[in-house]
file data-v9.csv (CSV, C-alpha atoms)
chain,number,residue,atom,x,y,z
A,194,MET,CA,-10.9,-14.1,-1.7
A,195,SER,CA,-10.9,-11.0,-3.9
A,196,ILE,CA,-7.1,-10.8,-3.9
A,197,ASP,CA,-7.1,-14.4,-5.1
A,198,LEU,CA,-9.3,-13.4,-8.0
A,199,LEU,CA,-7.0,-10.5,-8.7
A,200,ARG,CA,-4.1,-12.9,-8.9
A,201,GLU,CA,-6.0,-15.4,-11.0
A,202,GLY,CA,-6.9,-12.6,-13.5
A,203,THR,CA,-10.1,-10.9,-14.4
A,204,VAL,CA,-11.8,-7.9,-16.1
A,205,ILE,CA,-11.5,-4.7,-14.1
A,206,PRO,CA,-13.1,-1.6,-15.7
A,207,ALA,CA,-11.7,1.8,-14.7
A,208,HIS,CA,-14.8,3.6,-13.3
A,209,PRO,CA,-15.9,6.9,-14.9
A,210,LEU,CA,-17.4,9.9,-13.1
A,211,ALA,CA,-21.1,10.7,-13.9
A,212,LEU,CA,-21.8,14.4,-13.7
A,213,THR,CA,-24.8,16.7,-14.2
A,214,GLU,CA,-24.7,19.6,-16.7
A,215,GLN,CA,-23.7,21.8,-13.8
A,216,ARG,CA,-20.6,19.5,-13.2
A,217,THR,CA,-21.9,18.2,-9.9
A,218,LEU,CA,-21.9,14.5,-9.0
A,219,ASP,CA,-24.9,12.6,-10.6
A,220,GLU,CA,-25.2,10.1,-7.8
A,221,ARG,CA,-28.0,8.1,-9.5
A,222,ARG,CA,-26.0,7.5,-12.7
A,223,GLN,CA,-22.8,6.9,-10.7
A,224,ARG,CA,-24.6,4.0,-9.0
A,225,ALA,CA,-26.0,2.9,-12.3
A,226,LEU,CA,-22.5,2.6,-13.7
A,227,THR,CA,-21.3,0.4,-10.9
A,228,ARG,CA,-24.4,-1.8,-11.3
A,229,TYR,CA,-23.6,-2.0,-15.0
A,230,TYR,CA,-20.1,-3.4,-14.3
A,231,LEU,CA,-21.4,-5.9,-11.8
A,232,ALA,CA,-24.2,-7.1,-14.2
A,233,SER,CA,-21.8,-7.3,-17.1
A,234,GLY,CA,-19.8,-10.0,-15.2
A,235,ALA,CA,-16.7,-7.9,-14.5
A,236,GLY,CA,-14.5,-9.2,-11.7
A,237,GLY,CA,-13.8,-5.9,-10.1
A,238,VAL,CA,-13.8,-2.1,-10.6
A,239,ALA,CA,-11.1,0.6,-10.1
A,240,VAL,CA,-12.5,3.8,-8.7
A,241,ALA,CA,-10.8,7.2,-8.2
A,242,VAL,CA,-8.3,6.4,-11.0
A,243,HIS,CA,-7.5,8.4,-14.2
A,244,THR,CA,-10.8,7.5,-15.9
A,245,THR,CA,-12.6,8.8,-12.8
A,246,GLN,CA,-10.7,12.0,-13.2
A,247,PHE,CA,-7.9,12.7,-10.7
A,248,GLU,CA,-9.5,16.2,-10.2
A,249,ILE,CA,-12.2,14.6,-8.0
A,250,ARG,CA,-9.8,15.3,-5.1
A,251,GLN,CA,-9.8,19.0,-5.6
A,252,ALA,CA,-13.6,18.9,-6.1
A,253,GLY,CA,-14.2,17.2,-2.8
A,254,LEU,CA,-15.6,14.1,-4.5
A,255,LEU,CA,-13.1,11.4,-3.5
A,256,ARG,CA,-15.0,10.1,-0.5
A,257,PRO,CA,-18.5,10.2,-2.1
A,258,VAL,CA,-17.3,8.5,-5.3
A,259,LEU,CA,-15.6,5.7,-3.3
A,260,GLU,CA,-18.6,5.3,-1.0
A,261,ILE,CA,-21.1,5.0,-3.9
A,262,SER,CA,-19.3,2.1,-5.5
A,263,ALA,CA,-18.6,0.4,-2.2
A,264,ASP,CA,-22.3,0.7,-1.2
A,265,VAL,CA,-23.5,-0.7,-4.5
A,266,VAL,CA,-21.2,-3.7,-4.4
A,267,ALA,CA,-22.0,-4.4,-0.8
A,268,LYS,CA,-25.7,-4.8,-1.7
A,269,GLU,CA,-25.1,-7.3,-4.5
A,270,PRO,CA,-25.2,-11.1,-4.1
A,271,ASP,CA,-22.0,-12.3,-2.5
A,272,ARG,CA,-19.3,-13.2,-5.1
A,273,PRO,CA,-15.6,-12.4,-5.4
A,274,PHE,CA,-15.3,-8.9,-6.7
A,275,VAL,CA,-12.1,-6.8,-6.6
A,276,MET,CA,-12.5,-3.3,-5.3
A,277,VAL,CA,-9.5,-1.2,-6.3
A,278,ALA,CA,-9.1,2.4,-5.2
A,279,GLY,CA,-6.8,4.9,-6.8
A,280,ALA,CA,-4.4,6.8,-4.6
A,281,CYS,CA,-2.5,10.0,-5.6
A,282,GLY,CA,-0.1,12.6,-4.3
A,283,ASP,CA,2.8,12.5,-2.0
A,284,THR,CA,3.3,9.9,0.8
A,285,PRO,CA,1.0,11.5,3.4
A,286,GLN,CA,-1.8,12.1,0.8
A,287,ALA,CA,-1.5,8.6,-0.7
A,288,VAL,CA,-1.5,6.9,2.7
A,289,ALA,CA,-4.5,8.9,3.8
A,290,GLU,CA,-6.4,7.9,0.6
A,291,ALA,CA,-5.5,4.3,1.2
A,292,GLU,CA,-6.8,4.5,4.8
A,293,LEU,CA,-10.0,6.0,3.5
A,294,ALA,CA,-10.3,3.1,0.9
A,295,ALA,CA,-9.6,0.5,3.6
A,296,SER,CA,-12.3,2.0,5.9
A,297,LEU,CA,-14.8,1.6,3.0
A,298,GLY,CA,-13.9,-2.1,2.3
A,299,TYR,CA,-11.6,-1.7,-0.7
A,300,ASP,CA,-9.2,-4.5,-1.4
A,301,ALA,CA,-6.2,-2.9,-3.0
A,302,VAL,CA,-4.7,0.5,-4.1
A,303,LEU,CA,-3.7,1.4,-7.6
A,304,LEU,CA,-0.9,3.8,-6.9
A,305,SER,CA,-0.6,6.7,-9.3
A,306,PRO,CA,3.0,7.6,-10.4
A,307,GLN,CA,2.2,11.3,-10.6
A,308,VAL,CA,4.2,12.8,-7.8
A,309,PRO,CA,5.9,16.0,-9.1
A,310,GLY,CA,9.5,16.2,-8.0
A,311,ALA,CA,9.7,12.8,-6.5
A,312,ASP,CA,12.6,10.5,-7.6
A,313,GLU,CA,12.3,6.8,-7.9
A,314,PRO,CA,13.6,6.0,-4.3
A,315,GLU,CA,10.9,8.3,-3.0
A,316,LEU,CA,8.3,6.6,-5.1
A,317,LEU,CA,9.4,3.3,-3.6
A,318,ASP,CA,9.2,4.6,-0.1
A,319,ARG,CA,5.7,5.9,-0.8
A,320,ALA,CA,4.6,2.5,-2.1
A,321,ARG,CA,6.0,0.8,1.0
A,322,ALA,CA,4.1,3.2,3.3
A,323,VAL,CA,0.8,2.7,1.4
A,324,GLY,CA,1.5,-1.1,1.4
A,325,GLU,CA,1.2,-1.0,5.2
A,326,VAL,CA,-2.5,0.0,4.8
A,327,LEU,CA,-3.6,-2.1,1.8
A,328,PRO,CA,-2.1,-4.3,-0.9
A,329,VAL,CA,-0.6,-2.2,-3.7
A,330,ILE,CA,-1.0,-2.4,-7.5
A,331,GLY,CA,1.9,-0.7,-9.3
A,332,PHE,CA,0.9,1.5,-12.2
A,333,TYR,CA,3.0,2.4,-15.3
A,334,LEU,CA,1.0,5.3,-16.8
A,335,GLN,CA,1.7,6.6,-20.3
A,336,GLU,CA,3.3,10.0,-20.6
A,337,ALA,CA,0.6,11.4,-22.9
A,338,VAL,CA,-1.8,11.5,-20.0
A,339,GLY,CA,0.6,12.5,-17.2
A,340,GLY,CA,2.8,9.4,-16.6
A,341,ARG,CA,6.6,9.3,-16.6
A,342,ARG,CA,9.4,7.0,-17.6
A,343,LEU,CA,10.3,4.6,-14.8
A,344,SER,CA,13.4,2.4,-15.0
A,345,PRO,CA,13.7,-1.4,-14.9
A,346,PRO,CA,15.5,-1.2,-11.5
A,347,PHE,CA,12.5,0.7,-10.1
A,348,TRP,CA,10.1,-2.0,-11.2
A,349,ARG,CA,12.4,-4.7,-9.8
A,350,SER,CA,12.6,-2.9,-6.4
A,351,LEU,CA,8.8,-2.3,-6.4
A,352,ALA,CA,8.2,-6.0,-7.1
A,353,GLU,CA,10.4,-7.0,-4.2
A,354,GLN,CA,8.0,-5.3,-1.8
A,355,ASP,CA,5.8,-8.0,-0.2
A,356,SER,CA,2.7,-5.7,-0.3
A,357,VAL,CA,2.8,-5.4,-4.1
A,358,VAL,CA,0.2,-7.9,-5.4
A,359,ALA,CA,-0.1,-6.8,-9.1
A,360,ILE,CA,1.2,-4.3,-11.6
A,361,LYS,CA,-0.9,-2.5,-14.3
A,362,MET,CA,1.3,-1.8,-17.3
A,363,ALA,CA,-0.1,1.1,-19.3
A,364,PRO,CA,2.9,2.8,-20.9
A,365,PHE,CA,1.4,2.2,-24.4
A,366,ASP,CA,4.9,1.1,-25.3
A,367,ARG,CA,5.8,-2.6,-26.0
A,368,TYR,CA,9.4,-2.1,-25.1
A,369,ARG,CA,8.6,-0.7,-21.7
A,370,THR,CA,6.0,-3.4,-21.1
A,371,VAL,CA,8.6,-6.0,-21.6
A,372,GLU,CA,11.0,-4.1,-19.3
A,373,VAL,CA,8.4,-4.4,-16.5
A,374,VAL,CA,7.8,-8.1,-17.0
A,375,ARG,CA,11.5,-8.9,-17.0
A,376,ALA,CA,12.0,-6.8,-13.8
A,377,VAL,CA,9.2,-8.6,-12.0
A,378,ALA,CA,10.8,-11.9,-12.9
A,379,GLU,CA,14.2,-10.8,-11.7
A,380,SER,CA,12.7,-9.7,-8.4
A,381,GLY,CA,12.1,-13.3,-7.3
A,382,ARG,CA,8.4,-12.6,-6.7
A,383,GLY,CA,7.2,-13.3,-10.2
A,384,ASP,CA,4.7,-16.0,-9.0
A,385,ASP,CA,3.2,-13.7,-6.4
A,386,ILE,CA,2.5,-10.7,-8.7
A,387,ALA,CA,-0.3,-10.6,-11.2
A,388,LEU,CA,0.5,-8.8,-14.4
A,389,TYR,CA,-2.4,-6.7,-15.9
A,390,THR,CA,-2.5,-5.0,-19.2
A,391,GLY,CA,-3.4,-1.3,-19.1
A,392,ASN,CA,-2.3,-0.9,-22.7
A,393,ASP,CA,-5.7,0.0,-24.2
A,394,ASP,CA,-4.1,0.1,-27.6
A,395,ASN,CA,-2.8,-3.5,-27.5
A,396,ILE,CA,-5.3,-5.4,-25.3
A,397,LEU,CA,-5.8,-8.7,-27.2
A,398,ALA,CA,-2.1,-9.0,-28.1
A,399,ASP,CA,-1.1,-8.5,-24.5
A,400,LEU,CA,-3.7,-11.1,-23.2
A,401,LEU,CA,-2.9,-13.7,-25.9
A,402,THR,CA,0.8,-13.7,-26.3
A,403,PRO,CA,3.4,-14.3,-23.5
A,404,VAL,CA,5.5,-11.2,-22.7
A,405,ALA,CA,9.1,-12.1,-21.8
A,406,GLY,CA,7.8,-15.6,-21.0
A,407,ARG,CA,5.0,-14.5,-18.7
A,408,ARG,CA,1.3,-14.4,-19.2
A,409,LEU,CA,-0.7,-11.2,-18.5
A,410,VAL,CA,-3.6,-12.5,-16.5
A,411,GLY,CA,-6.2,-9.7,-17.0
A,412,GLY,CA,-6.8,-6.1,-17.8
A,413,LEU,CA,-7.5,-3.0,-15.7
A,414,LEU,CA,-8.6,-0.7,-18.5
A,415,GLY,CA,-10.3,2.5,-19.4
A,416,GLN,CA,-11.4,0.8,-22.6
A,417,TRP,CA,-13.3,-1.7,-20.5
A,418,ALA,CA,-15.3,1.1,-18.9
A,419,VAL,CA,-17.4,0.9,-22.1
A,420,TRP,CA,-19.0,-2.1,-23.8
A,421,THR,CA,-18.1,-4.1,-20.7
A,422,ARG,CA,-20.4,-7.0,-21.3
A,423,ALA,CA,-18.7,-7.6,-24.6
A,424,ALA,CA,-15.3,-7.3,-22.9
A,425,VAL,CA,-16.2,-10.0,-20.4
A,426,LEU,CA,-17.3,-12.3,-23.2
A,427,MET,CA,-14.1,-11.6,-25.1
A,428,PHE,CA,-12.1,-12.4,-21.9
A,429,GLU,CA,-13.9,-15.7,-21.6
A,430,GLU,CA,-12.7,-16.4,-25.2
A,431,VAL,CA,-9.1,-15.5,-24.2
A,432,ARG,CA,-9.3,-18.1,-21.5
A,433,ARG,CA,-10.5,-20.7,-23.9
A,434,ALA,CA,-7.7,-19.8,-26.2
A,435,TRP,CA,-5.1,-20.3,-23.4
A,436,ALA,CA,-6.8,-23.7,-22.7
A,437,GLY,CA,-5.9,-24.8,-26.2
A,438,ASP,CA,-8.8,-23.8,-28.4
A,439,ASP,CA,-6.9,-22.9,-31.6
A,440,ARG,CA,-10.0,-21.8,-33.5
A,441,VAL,CA,-10.9,-19.3,-30.8
A,442,LEU,CA,-7.2,-18.1,-30.7
A,443,ARG,CA,-7.2,-17.5,-34.4
A,444,SER,CA,-10.5,-15.7,-34.3
A,445,LEU,CA,-9.3,-13.4,-31.5
A,446,LEU,CA,-6.1,-12.6,-33.2
A,447,ALA,CA,-8.0,-11.7,-36.4
A,448,ARG,CA,-10.1,-9.2,-34.4
A,449,ALA,CA,-7.3,-7.7,-32.4
A,450,ALA,CA,-6.9,-4.7,-34.7
A,451,ASP,CA,-10.7,-4.0,-34.5
A,452,LEU,CA,-10.3,-3.4,-30.8
A,453,THR,CA,-7.3,-1.2,-31.3
A,454,ASP,CA,-9.2,0.8,-33.9
A,455,ALA,CA,-12.1,1.2,-31.6
A,456,ASN,CA,-9.8,2.4,-28.8
A,457,GLY,CA,-8.3,4.9,-31.1
A,458,ALA,CA,-11.7,6.5,-31.5
A,459,VAL,CA,-12.7,6.3,-27.8
A,460,PHE,CA,-9.4,7.5,-26.5
A,461,ASP,CA,-9.0,10.2,-29.2
A,462,VAL,CA,-5.6,9.2,-30.5
A,463,ALA,CA,-5.9,11.6,-33.4
A,464,GLY,CA,-6.3,14.4,-30.9
A,465,GLY,CA,-3.4,13.4,-28.8
A,466,PHE,CA,-5.6,11.8,-26.2
A,467,ARG,CA,-7.2,15.1,-25.3
A,468,GLY,CA,-10.7,13.6,-25.5
A,469,CYS,CA,-9.9,10.2,-23.9
A,470,ILE,CA,-12.2,10.7,-20.9
A,471,ALA,CA,-14.9,12.5,-22.8
A,472,GLY,CA,-14.8,9.6,-25.4
A,473,VAL,CA,-15.6,7.1,-22.7
A,474,HIS,CA,-18.4,9.4,-21.6
A,475,GLU,CA,-19.7,9.6,-25.2
A,476,VAL,CA,-20.2,5.9,-25.5
A,477,LEU,CA,-22.0,5.7,-22.1
A,478,ARG,CA,-24.1,8.8,-23.0
A,479,GLY,CA,-25.2,7.1,-26.3
A,480,GLN,CA,-26.4,4.1,-24.3
A,481,GLY,CA,-28.2,6.2,-21.7
A,482,LEU,CA,-25.9,5.4,-18.8
A,483,MET,CA,-24.6,9.0,-18.7
A,484,ALA,CA,-26.6,12.2,-19.3
A,485,GLY,CA,-23.7,13.9,-21.1
A,486,THR,CA,-20.0,14.0,-21.7
A,487,TRP,CA,-19.2,16.7,-19.1
A,488,CYS,CA,-15.8,16.5,-17.3
A,489,LEU,CA,-14.8,18.4,-14.2
A,490,ASP,CA,-12.5,20.6,-16.3
A,491,PRO,CA,-14.8,22.7,-18.6
A,492,ALA,CA,-12.0,22.8,-21.1
A,493,GLU,CA,-11.9,19.0,-21.4
A,494,GLY,CA,-14.3,17.5,-24.0
A,495,LEU,CA,-14.6,15.6,-27.2
A,496,SER,CA,-12.3,16.6,-30.1
A,497,PRO,CA,-13.7,17.6,-33.4
A,498,GLY,CA,-15.0,14.6,-35.3
A,499,GLN,CA,-14.5,12.2,-32.3
A,500,ALA,CA,-18.1,11.5,-31.8
A,501,GLU,CA,-18.4,10.5,-35.4
A,502,GLU,CA,-15.4,8.2,-35.1
A,503,ILE,CA,-16.9,6.5,-32.1
A,504,ALA,CA,-20.2,5.9,-34.0
A,505,ARG,CA,-18.1,4.5,-36.9
A,506,VAL,CA,-16.3,1.9,-34.9
A,507,GLY,CA,-19.4,0.9,-33.0
A,508,ALA,CA,-21.1,0.2,-36.3
A,509,ALA,CA,-18.0,-1.4,-37.9
A,510,TYR,CA,-17.4,-3.9,-35.1
A,511,PRO,CA,-20.7,-5.1,-33.7
A,512,TRP,CA,-18.9,-7.8,-31.6
A,513,LEU,CA,-17.3,-5.1,-29.5
A,514,VAL,CA,-20.6,-3.4,-28.4
A,515,ASP,CA,-23.2,-4.3,-25.8
A,516,ASP,CA,-26.0,-1.8,-26.6
A,517,ASP,CA,-28.7,-4.4,-26.5
A,518,PHE,CA,-27.5,-5.7,-23.1
A,519,VAL,CA,-27.5,-2.2,-21.7
A,520,ALA,CA,-30.9,-1.3,-23.2
A,521,ALA,CA,-32.4,-4.4,-21.6
A,522,HIS,CA,-31.3,-3.5,-18.1
A,523,LEU,CA,-30.9,0.3,-18.0
A,524,ASP,CA,-34.1,1.1,-16.2
A,525,ASP,CA,-33.2,-1.3,-13.4
A,526,TRP,CA,-29.7,0.2,-13.0
A,527,LEU,CA,-31.1,3.7,-12.9
A,528,ARG,CA,-33.7,2.8,-10.2
call {"tool": "encode", "arguments": {"input": "data-v9.csv", "output": "structure tokens"}}
result
Amino acid sequence: MSIDLLREGTVIPAHPLALTEQRTLDERRQRALTRYYLASGAGGVAVAVHTTQFEIRQAGLLRPVLEISADVVAKEPDRPFVMVAGACGDTPQAVAEAELAASLGYDAVLLSPQVPGADEPELLDRARAVGEVLPVIGFYLQEAVGGRRLSPPFWRSLAEQDSVVAIKMAPFDRYRTVEVVRAVAESGRGDDIALYTGNDDNILADLLTPVAGRRLVGGLLGQWAVWTRAAVLMFEEVRRAWAGDDRVLRSLLARAADLTDANGAVFDVAGGFRGCIAGVHEVLRGQGLMAGTWCLDPAEGLSPGQAEEIARVGAAYPWLVDDDFVAAHLDDWLR
């Protein structure tokens, strides 16, 4: 049922990592974050991905972080909810991480393309091996945060694998996004693979306009890790626009640049994305969901002026924020 929801299209936030000032796991706030995404109406959550910080593996936090979200979701009223686990590393590591996720009840694996030294055929073999454990979501990660250029033949071959159920496109490049969509169509499995935007700089345009004749059905986004209730309401408007509501369509298109401007602040575009994870933390800190902006790497943090930029966009675009919603429920989520 959850895979059906993934194919239909939904809002999937990329789950952050809540830390104490000593950079240890803040389990209470980690649980609160998952509760926040559930209460916001998101259709799923992606854990152990870039926004969660890939370094959780070296810190010994992969299992605890996966377990916390799985436990919170298991205790919620029964409804379709897509549990996505990130998997990294070479084939043995990625398969082991997929097996861990499967044992905890996750539905699919978002497969990181970060495998130093691996060529495209090796990445395809790795995806095939992981697909024997759980359904696979392909991932085009932008180069500014560690991704790599992947060719159209790679995406066509990946889409041909029966275990691939979705692709998250986050190259932050319109040309490469079109390449992926065309490759999926050429694979012959276009009707079986859900296309998700990961282009946090182009969210509404991706969701509202066909790409190479195909509709992107949802988003798996770091941007949706913040102001998630507002993102869910926006996604409902997107569906109304696709159903033929021209007034809503025009309204969304008029606001598309607002969201891009907000993402520029949260993701620290001016600082070359150095503060992208800390920027997510800053929004959540301001709402009380996080205690601080600490990252596992002490050198990673907000860029100069980034906090002020985040405050600016939050005030400039009230339709994008959900501060009142969070304030009304925060104590319950932190229980």
call {"tool": "closest_residue", "arguments": {"input": "data-v9.csv", "among": "A:Leu254, A:Arg505, A:Ala232, A:Thr421", "to": "Leu218 in chain A", "atoms": "all atoms listed in the file"}}
result
A:Leu254
call {"tool": "residues_around", "arguments": {"input": "data-v9.csv", "residues": "Gly381 in chain A", "least_positions_apart": "2", "cutoff": "12 Å", "atoms": "all atoms listed in the file", "output": "VMD selection string"}}
result
chain A and resid 349 to 355 374 to 379 383 to 386
call {"tool": "residues_near_point", "arguments": {"input": "data-v9.csv", "point": "(-2.5, 6.2, 0.0)", "cutoff": "10 Å", "atoms": "only C-alpha atoms", "output": "count of residues only"}}
result
31
call {"tool": "atom_distance", "arguments": {"input": "data-v9.csv", "atom1": "CA of Thr227 in chain A", "atom2": "CA of Ser262 in chain A"}}
result
6.0 Å
call {"tool": "closest_residue", "arguments": {"input": "data-v9.csv", "among": "A:Arg272, A:Arg478, A:Arg342, A:Arg222", "to": "Gly234 in chain A", "atoms": "all atoms listed in the file"}}
result
A:Arg272
call {"tool": "closest_residue", "arguments": {"input": "data-v9.csv", "among": "A:Gly237, A:Pro345, A:Pro497, A:Gly479", "to": "Tyr299 in chain A", "atoms": "only C-alpha atoms"}}
result
A:Gly237
call {"tool": "closest_residue", "arguments": {"input": "data-v9.csv", "among": "A:Arg221, A:Pro270, A:Leu409, A:Pro364", "to": "Arg200 in chain A", "atoms": "only C-alpha atoms"}}
result
A:Leu409
call {"tool": "atom_distance", "arguments": {"input": "data-v9.csv", "atom1": "CA of Ala423 in chain A", "atom2": "CA of Trp512 in chain A"}}
result
7.0 Å
call {"tool": "atom_distance", "arguments": {"input": "data-v9.csv", "atom1": "CA of Val277 in chain A", "atom2": "CA of Pro206 in chain A"}}
result
10.1 Å
